[in-house]
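So this block is run_27.cif, mmCIF, C-alpha atoms:
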```
data_query
loop_
_atom_site.group_PDB
_atom_site.id
_atom_site.type_symbol
_atom_site.label_atom_id
_atom_site.label_comp_id
_atom_site.auth_asym_id
_atom_site.auth_seq_id
_atom_site.Cartn_x
_atom_site.Cartn_y
_atom_site.Cartn_z
ATOM 1 C CA MET Y 1 18.680 -6.502 -3.292
ATOM 2 C CA GLY Y 2 19.300 -8.084 -6.674
ATOM 3 C CA VAL Y 3 16.807 -8.951 -9.369
ATOM 4 C CA ALA Y 4 17.158 -12.681 -8.670
ATOM 5 C CA ALA Y 5 16.471 -12.162 -4.967
ATOM 6 C CA LEU Y 6 13.221 -10.429 -5.860
ATOM 7 C CA GLY Y 7 12.198 -13.399 -7.987
ATOM 8 C CA LEU Y 8 12.109 -11.379 -11.205
ATOM 9 C CA ASP Y 9 13.122 -12.949 -14.475
ATOM 10 C CA ARG Y 10 14.251 -10.819 -17.415
ATOM 11 C CA CYS Y 11 10.688 -10.383 -18.715
ATOM 12 C CA SER Y 12 9.347 -9.438 -15.283
ATOM 13 C CA LEU Y 13 12.174 -6.958 -14.863
ATOM 14 C CA TYR Y 14 11.081 -5.250 -18.082
ATOM 15 C CA VAL Y 15 7.403 -5.236 -17.144
ATOM 16 C CA HIS Y 16 7.901 -4.027 -13.584
ATOM 17 C CA ILE Y 17 10.778 -1.600 -13.885
ATOM 18 C CA LEU Y 18 11.182 -0.377 -17.429
ATOM 19 C CA THR Y 19 7.501 0.306 -18.027
ATOM 20 C CA MET Y 20 6.770 2.228 -14.812
ATOM 21 C CA PRO Y 21 4.260 4.956 -15.585
ATOM 22 C CA ASP Y 22 5.381 8.552 -15.340
ATOM 23 C CA ASP Y 23 1.868 9.996 -15.099
ATOM 24 C CA LEU Y 24 1.046 8.967 -11.537
ATOM 25 C CA MET Y 25 -1.200 11.117 -9.356
ATOM 26 C CA PRO Y 26 0.364 12.754 -6.241
ATOM 27 C CA GLY Y 27 -1.085 10.130 -3.872
ATOM 28 C CA GLN Y 28 0.193 7.332 -6.114
ATOM 29 C CA LEU Y 29 3.669 8.861 -6.056
ATOM 30 C CA LEU Y 30 3.574 8.872 -2.245
ATOM 31 C CA ALA Y 31 2.423 5.246 -2.308
ATOM 32 C CA ARG Y 32 5.355 4.321 -4.550
ATOM 33 C CA GLY Y 33 7.818 5.881 -2.094
ATOM 34 C CA VAL Y 34 6.111 4.137 0.827
ATOM 35 C CA CYS Y 35 6.261 0.771 -0.939
ATOM 36 C CA ARG Y 36 9.948 1.217 -1.728
ATOM 37 C CA HIS Y 37 10.715 2.082 1.893
ATOM 38 C CA LEU Y 38 8.723 -0.800 3.328
ATOM 39 C CA LEU Y 39 10.447 -3.258 0.977
ATOM 40 C CA GLN Y 40 13.761 -2.229 2.561
ATOM 41 C CA HIS Y 41 12.293 -3.424 5.878
ATOM 42 C CA GLY Y 42 11.102 -6.775 4.537
ATOM 43 C CA PHE Y 43 7.498 -5.783 3.806
ATOM 44 C CA VAL Y 44 5.833 -6.596 0.508
ATOM 45 C CA THR Y 45 2.988 -4.384 -0.624
ATOM 46 C CA VAL Y 46 -0.055 -4.072 -2.823
ATOM 47 C CA GLU Y 47 -1.815 -0.856 -3.717
ATOM 48 C CA GLU Y 48 -5.505 -0.069 -4.001
ATOM 49 C CA LEU Y 49 -6.811 -3.225 -2.345
ATOM 50 C CA MET Y 50 -10.523 -3.322 -1.496
ATOM 51 C CA PRO Y 51 -11.051 -5.101 1.856
ATOM 52 C CA ALA Y 52 -14.820 -4.536 1.696
ATOM 53 C CA PRO Y 53 -17.279 -2.857 -0.674
ATOM 54 C CA GLY Y 54 -16.831 0.914 -0.607
ATOM 55 C CA LEU Y 55 -13.334 0.821 0.925
ATOM 56 C CA ARG Y 56 -10.011 1.029 -0.905
ATOM 57 C CA LEU Y 57 -6.695 0.845 0.928
ATOM 58 C CA ASP Y 58 -3.952 2.938 -0.653
ATOM 59 C CA VAL Y 59 -1.237 0.526 0.526
ATOM 60 C CA MET Y 60 -1.463 -2.790 2.332
ATOM 61 C CA ALA Y 61 1.878 -4.117 3.547
ATOM 62 C CA LEU Y 62 2.650 -7.657 4.654
ATOM 63 C CA GLY Y 63 5.630 -7.920 6.993
ATOM 64 C CA PRO Y 64 8.178 -10.695 7.438
ATOM 65 C CA LYS Y 65 6.396 -11.954 10.568
ATOM 66 C CA GLY Y 66 2.945 -11.808 8.990
ATOM 67 C CA GLU Y 67 2.017 -8.387 10.331
ATOM 68 C CA ILE Y 68 -0.351 -6.303 8.209
ATOM 69 C CA TRP Y 69 0.087 -2.549 7.950
ATOM 70 C CA ILE Y 70 -2.350 -0.188 6.270
ATOM 71 C CA VAL Y 71 -1.023 3.091 4.842
ATOM 72 C CA GLU Y 72 -3.305 5.894 3.719
ATOM 73 C CA CYS Y 73 -1.536 8.396 1.424
ATOM 74 C CA LYS Y 74 -2.636 12.022 1.625
ATOM 75 C CA SER Y 75 -1.262 14.478 -0.906
ATOM 76 C CA SER Y 76 -2.924 17.614 0.481
ATOM 77 C CA ARG Y 77 -4.882 19.088 3.360
ATOM 78 C CA THR Y 78 -8.028 18.983 1.211
ATOM 79 C CA ASP Y 79 -7.457 15.297 0.470
ATOM 80 C CA TYR Y 80 -7.276 14.561 4.212
ATOM 81 C CA VAL Y 81 -10.221 16.731 5.276
ATOM 82 C CA SER Y 82 -12.488 15.206 2.622
ATOM 83 C CA ASP Y 83 -11.672 11.626 3.715
ATOM 84 C CA ARG Y 84 -14.541 10.417 5.876
ATOM 85 C CA LYS Y 85 -13.729 6.686 5.594
ATOM 86 C CA TRP Y 86 -10.278 6.370 7.135
ATOM 87 C CA ARG Y 87 -11.495 5.123 10.529
ATOM 88 C CA ASN Y 88 -13.082 2.174 8.702
ATOM 89 C CA TYR Y 89 -9.584 1.120 7.580
ATOM 90 C CA LEU Y 90 -8.356 0.546 11.143
ATOM 91 C CA GLU Y 91 -10.078 -2.837 11.455
ATOM 92 C CA TRP Y 92 -8.240 -4.271 8.429
ATOM 93 C CA GLY Y 93 -4.643 -4.144 9.684
ATOM 94 C CA ASP Y 94 -2.396 -4.523 12.723
ATOM 95 C CA ARG Y 95 -1.153 -0.926 12.401
ATOM 96 C CA PHE Y 96 -2.394 2.149 10.551
ATOM 97 C CA PHE Y 97 -0.219 4.909 9.074
ATOM 98 C CA TRP Y 98 -0.651 8.149 7.219
ATOM 99 C CA ALA Y 99 1.879 8.920 4.483
ATOM 100 C CA VAL Y 100 2.284 12.603 3.670
ATOM 101 C CA ASP Y 101 4.842 14.806 1.945
ATOM 102 C CA ALA Y 102 7.061 17.418 3.579
ATOM 103 C CA ASP Y 103 4.586 20.245 2.873
ATOM 104 C CA PHE Y 104 1.627 18.534 4.544
ATOM 105 C CA PRO Y 105 0.460 20.072 7.866
ATOM 106 C CA ALA Y 106 1.112 16.912 9.923
ATOM 107 C CA GLY Y 107 -0.433 18.503 13.011
ATOM 108 C CA LEU Y 108 -3.855 17.789 11.467
ATOM 109 C CA LEU Y 109 -3.335 14.036 11.749
ATOM 110 C CA PRO Y 110 -4.455 12.121 14.853
ATOM 111 C CA GLU Y 111 -1.525 11.430 17.188
ATOM 112 C CA ASN Y 112 -2.699 7.878 17.903
ATOM 113 C CA THR Y 113 -1.943 6.830 14.316
ATOM 114 C CA GLY Y 114 1.304 6.081 12.537
ATOM 115 C CA LEU Y 115 3.002 8.690 10.377
ATOM 116 C CA MET Y 116 5.356 8.428 7.415
ATOM 117 C CA LEU Y 117 7.036 11.244 5.552
ATOM 118 C CA ALA Y 118 7.151 10.226 1.899
ATOM 119 C CA ASP Y 119 7.930 11.326 -1.610
ATOM 120 C CA ALA Y 120 7.925 9.461 -4.914
ATOM 121 C CA TYR Y 121 11.219 7.726 -4.170
ATOM 122 C CA ASP Y 122 11.300 6.816 -0.488
ATOM 123 C CA ALA Y 123 9.693 7.343 2.897
ATOM 124 C CA GLU Y 124 10.594 7.547 6.557
ATOM 125 C CA ILE Y 125 8.573 6.277 9.488
ATOM 126 C CA LEU Y 126 8.244 9.192 11.898
ATOM 127 C CA ARG Y 127 5.784 7.584 14.291
ATOM 128 C CA LEU Y 128 4.505 4.042 14.822
ATOM 129 C CA GLY Y 129 0.802 3.846 15.427
ATOM 130 C CA PRO Y 130 -0.441 1.572 18.195
ATOM 131 C CA ALA Y 131 -0.488 -2.145 17.466
ATOM 132 C CA SER Y 132 -3.976 -3.587 17.218
ATOM 133 C CA PRO Y 133 -3.506 -7.257 16.260
ATOM 134 C CA LEU Y 134 -6.112 -8.710 13.948
ATOM 135 C CA ALA Y 135 -8.220 -11.664 15.030
ATOM 136 C CA GLY Y 136 -7.165 -14.922 13.384
ATOM 137 C CA ALA Y 137 -10.205 -15.145 11.106
ATOM 138 C CA ARG Y 138 -9.782 -11.543 9.889
ATOM 139 C CA ARG Y 139 -6.045 -12.094 9.328
ATOM 140 C CA LYS Y 140 -6.794 -15.158 7.184
ATOM 141 C CA VAL Y 141 -9.285 -13.175 5.097
ATOM 142 C CA MET Y 142 -6.815 -10.321 4.610
ATOM 143 C CA LEU Y 143 -3.962 -12.641 3.655
ATOM 144 C CA GLN Y 144 -6.215 -14.274 1.061
ATOM 145 C CA LYS Y 145 -7.277 -10.872 -0.290
ATOM 146 C CA PHE Y 146 -3.629 -9.790 -0.436
ATOM 147 C CA ALA Y 147 -2.587 -12.936 -2.304
ATOM 148 C CA ARG Y 148 -5.467 -12.780 -4.787
ATOM 149 C CA HIS Y 149 -4.944 -9.062 -5.431
ATOM 150 C CA ALA Y 150 -1.214 -9.545 -6.019
ATOM 151 C CA ALA Y 151 -1.795 -12.555 -8.284
ATOM 152 C CA LEU Y 152 -4.406 -10.730 -10.366
ATOM 153 C CA ARG Y 153 -2.104 -7.722 -10.754
ATOM 154 C CA LEU Y 154 0.686 -9.981 -11.969
ATOM 155 C CA GLN Y 155 -1.647 -11.852 -14.311
ATOM 156 C CA ALA Y 156 -2.904 -8.527 -15.716
ATOM 157 C CA PHE Y 157 0.692 -7.594 -16.618
ATOM 158 C CA ARG Y 158 0.988 -10.727 -18.721
ATOM 159 C CA ASP Y 159 -2.544 -10.763 -20.159
ATOM 160 C CA PRO Y 160 -4.091 -7.431 -21.174
ATOM 161 C CA GLY Y 161 -7.534 -9.060 -21.136
ATOM 162 C CA VAL Y 162 -7.432 -9.503 -17.352
ATOM 163 C CA THR Y 163 -8.512 -6.731 -14.989
ATOM 164 C CA VAL Y 164 -7.781 -6.418 -11.281
ATOM 165 C CA SER Y 165 -11.292 -7.704 -10.611
ATOM 166 C CA GLY Y 166 -10.374 -10.761 -12.685
ATOM 167 C CA ILE Y 167 -13.056 -10.186 -15.302
ATOM 168 C CA TYR Y 168 -12.323 -9.685 -18.963
ATOM 169 C CA PRO Y 169 -13.558 -6.269 -20.143
#
```

Go ahead and express the file in the form of structure tokens.
Amino acid sequence: MGVAALGLDRCSLYVHILTMPDDLMPGQLLARGVCRHLLQHGFVTVEELMPAPGLRLDVMALGPKGEIWIVECKSSRTDYVSDRKWRNYLEWGDRFFWAVDADFPAGLLPENTGLMLADAYDAEILRLGPASPLAGARRKVMLQKFARHAALRLQAFRDPGVTVSGIYP
């Protein structure tokens, strides 16, 4: 897919591609690979979206037919075992996935959830979790949150005074 097809002008290309950080945490590297893979399937993504106070989705993906997928990235067994909130994420998307690397003991993960094998550069969907379509009102809320989060991230690239919460520091 070319730069023009992605809607990136020359300045955006510089901001988004040439200034990618190289100091990402392991979970962020998995998220990057997941986002790249999902883009190949027509999904656009945002990272670290807060659907409700106290919850933060690693990746929220919006599909070409309006479907919403939630992906939780786990970089280690300890990371997974210490996560007590993941069941709360199920109500915010149509499908839920775990993204783990090749060394992760995937047998720990619940079989009734989706599974992706990921690294910093790509991912592969190993198992689709069950579809659980959102109610119309919840879908509208999530689409608005997605749009606002994406717009604030883009605005923050252009204006260093803007934060993801939209408030100047």

**Request:** Just say which residues the PyMOL selection byres ((chain Y and resi 98) around 9) picks in this file, as a VMD selection string.
**Result:** chain Y and resid 70 to 74 96 to 97 99 to 100 109 113 to 117

**Asked** Which of these, Y:Leu108, Y:Leu57, Y:Ala102, Y:Leu24, has the shortest distance to Ala123 of chain Y once you count only C-alpha atoms?
**Response** Y:Ala102

Emit as JSON the padded axis-aligned box for all listed atoms of segment 117-128 of chain Y, 5 Å per side, with centre and edge lengths in Å to one decimal.
```
{"center_x": 7.9, "center_y": 7.7, "center_z": 5.0, "size_x": 16.8, "size_y": 17.3, "size_z": 29.7}
```

**Item:** Gap from atom CA of Ala131 of chain Y to atom CA of Val44 of chain Y - Å, one decimal
**Value:**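 The value is 18.6 Å.
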
**Asked** What is the distance, in Å and to one decimal place, between atom CA of Thr45 of chain Y and atom CA of Ile125 of chain Y?
**Response** 15.7 Å

**Request:** Run the PyMOL selection byres ((chain Y and resi 76) around 10) mentally over the shown coordinates, then write out the matched residues as a list of chain:residue names, using the chain letters and numbers from the document.
**Result:** Y:Pro26, Y:Gly27, Y:Cys73, Y:Lys74, Y:Ser75, Y:Arg77, Y:Thr78, Y:Asp79, Y:Tyr80, Y:Val81, Y:Val100, Y:Asp101, Y:Asp103, Y:Phe104, Y:Pro105

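Distances here use all atoms listed in the file; by that measure, the residue among Y:Val141, Y:Leu154, Y:Val34, Y:Ala147 closest to Ala52 of chain Y is Y:Val141.
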
**Message:** If I take atom CA of Gly136 of chain Y and atom CA of Met50 of chain Y, how far is one from the other in Å, to one decimal?
**Reply:**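 Separation between atom CA of Gly136 of chain Y and atom CA of Met50 of chain Y: 19.2 Å.
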
**Item:** Residues near Arg56 of chain Y, cut-off 12 Å, only C-alpha atoms, skip fewer than 3 positions along chain, as a VMD selection string
**Value:** chain Y and resid 46 to 53 59 to 60 70 to 73 83 85 to 86 88 to 89 92

Keeping N, CA and C atoms, write segment 125-161 of chain Y of the structure just shown out as a compact mmCIF listing (two decimals), in the first residue's frame.
```
# COMPACT_ATOMS: atom_id res chain seq x y z
N ILE Y 125 -2.71 -14.51 13.04
CA ILE Y 125 -3.88 -14.92 13.83
C ILE Y 125 -3.91 -16.44 13.86
N LEU Y 126 -3.72 -17.00 15.05
CA LEU Y 126 -3.75 -18.45 15.22
C LEU Y 126 -5.14 -18.96 15.54
N ARG Y 127 -5.92 -18.12 16.22
CA ARG Y 127 -7.25 -18.55 16.64
C ARG Y 127 -8.16 -17.33 16.76
N LEU Y 128 -9.33 -17.41 16.13
CA LEU Y 128 -10.34 -16.36 16.29
C LEU Y 128 -11.11 -16.63 17.58
N GLY Y 129 -11.27 -15.61 18.37
CA GLY Y 129 -12.14 -15.75 19.54
C GLY Y 129 -13.59 -15.69 19.08
N PRO Y 130 -14.51 -16.06 19.95
CA PRO Y 130 -15.92 -16.01 19.56
C PRO Y 130 -16.38 -14.57 19.32
N ALA Y 131 -17.27 -14.42 18.35
CA ALA Y 131 -17.85 -13.10 18.09
C ALA Y 131 -18.89 -12.80 19.16
N SER Y 132 -18.83 -11.59 19.66
CA SER Y 132 -19.80 -11.12 20.66
C SER Y 132 -20.16 -9.69 20.28
N PRO Y 133 -21.06 -9.53 19.29
CA PRO Y 133 -21.36 -8.21 18.75
C PRO Y 133 -21.81 -7.21 19.82
N LEU Y 134 -21.25 -6.02 19.71
CA LEU Y 134 -21.61 -4.94 20.63
C LEU Y 134 -23.02 -4.45 20.36
N ALA Y 135 -23.68 -3.99 21.40
CA ALA Y 135 -24.97 -3.32 21.24
C ALA Y 135 -24.73 -2.00 20.51
N GLY Y 136 -25.74 -1.53 19.81
CA GLY Y 136 -25.60 -0.31 19.01
C GLY Y 136 -25.10 0.89 19.80
N ALA Y 137 -25.63 1.10 20.99
CA ALA Y 137 -25.22 2.26 21.80
C ALA Y 137 -23.75 2.14 22.21
N ARG Y 138 -23.32 0.95 22.60
CA ARG Y 138 -21.92 0.74 22.99
C ARG Y 138 -21.00 0.92 21.79
N ARG Y 139 -21.43 0.41 20.62
CA ARG Y 139 -20.62 0.57 19.40
C ARG Y 139 -20.43 2.05 19.08
N LYS Y 140 -21.49 2.83 19.19
CA LYS Y 140 -21.40 4.27 18.91
C LYS Y 140 -20.39 4.93 19.85
N VAL Y 141 -20.47 4.59 21.12
CA VAL Y 141 -19.53 5.15 22.11
C VAL Y 141 -18.10 4.78 21.75
N MET Y 142 -17.87 3.51 21.40
CA MET Y 142 -16.51 3.07 21.09
C MET Y 142 -15.98 3.70 19.80
N LEU Y 143 -16.84 3.86 18.82
CA LEU Y 143 -16.40 4.53 17.59
C LEU Y 143 -16.03 5.98 17.86
N GLN Y 144 -16.79 6.65 18.71
CA GLN Y 144 -16.45 8.02 19.08
C GLN Y 144 -15.13 8.07 19.86
N LYS Y 145 -14.94 7.15 20.78
CA LYS Y 145 -13.68 7.11 21.54
C LYS Y 145 -12.50 6.85 20.61
N PHE Y 146 -12.69 5.92 19.66
CA PHE Y 146 -11.65 5.61 18.70
C PHE Y 146 -11.28 6.86 17.89
N ALA Y 147 -12.29 7.53 17.36
CA ALA Y 147 -12.06 8.71 16.53
C ALA Y 147 -11.37 9.83 17.33
N ARG Y 148 -11.83 10.09 18.52
CA ARG Y 148 -11.24 11.15 19.34
C ARG Y 148 -9.80 10.81 19.72
N HIS Y 149 -9.56 9.55 20.08
CA HIS Y 149 -8.21 9.12 20.46
C HIS Y 149 -7.26 9.27 19.27
N ALA Y 150 -7.70 8.81 18.11
CA ALA Y 150 -6.86 8.92 16.91
C ALA Y 150 -6.60 10.38 16.55
N ALA Y 151 -7.62 11.21 16.63
CA ALA Y 151 -7.46 12.63 16.30
C ALA Y 151 -6.52 13.33 17.27
N LEU Y 152 -6.64 13.03 18.55
CA LEU Y 152 -5.74 13.64 19.54
C LEU Y 152 -4.30 13.19 19.34
N ARG Y 153 -4.11 11.92 19.00
CA ARG Y 153 -2.75 11.43 18.73
C ARG Y 153 -2.14 12.18 17.54
N LEU Y 154 -2.93 12.34 16.49
CA LEU Y 154 -2.44 13.06 15.32
C LEU Y 154 -2.15 14.51 15.66
N GLN Y 155 -3.05 15.15 16.39
CA GLN Y 155 -2.84 16.54 16.78
C GLN Y 155 -1.59 16.68 17.65
N ALA Y 156 -1.33 15.72 18.52
CA ALA Y 156 -0.16 15.76 19.39
C ALA Y 156 1.14 15.66 18.58
N PHE Y 157 1.10 14.97 17.43
CA PHE Y 157 2.28 14.92 16.57
C PHE Y 157 2.61 16.30 16.02
N ARG Y 158 1.59 17.07 15.72
CA ARG Y 158 1.79 18.38 15.10
C ARG Y 158 1.99 19.49 16.12
N ASP Y 159 1.49 19.30 17.33
CA ASP Y 159 1.55 20.34 18.36
C ASP Y 159 2.06 19.71 19.65
N PRO Y 160 3.31 19.97 20.02
CA PRO Y 160 3.88 19.34 21.21
C PRO Y 160 3.19 19.77 22.51
N GLY Y 161 2.35 20.78 22.46
CA GLY Y 161 1.63 21.22 23.65
C GLY Y 161 0.38 20.41 23.94
```
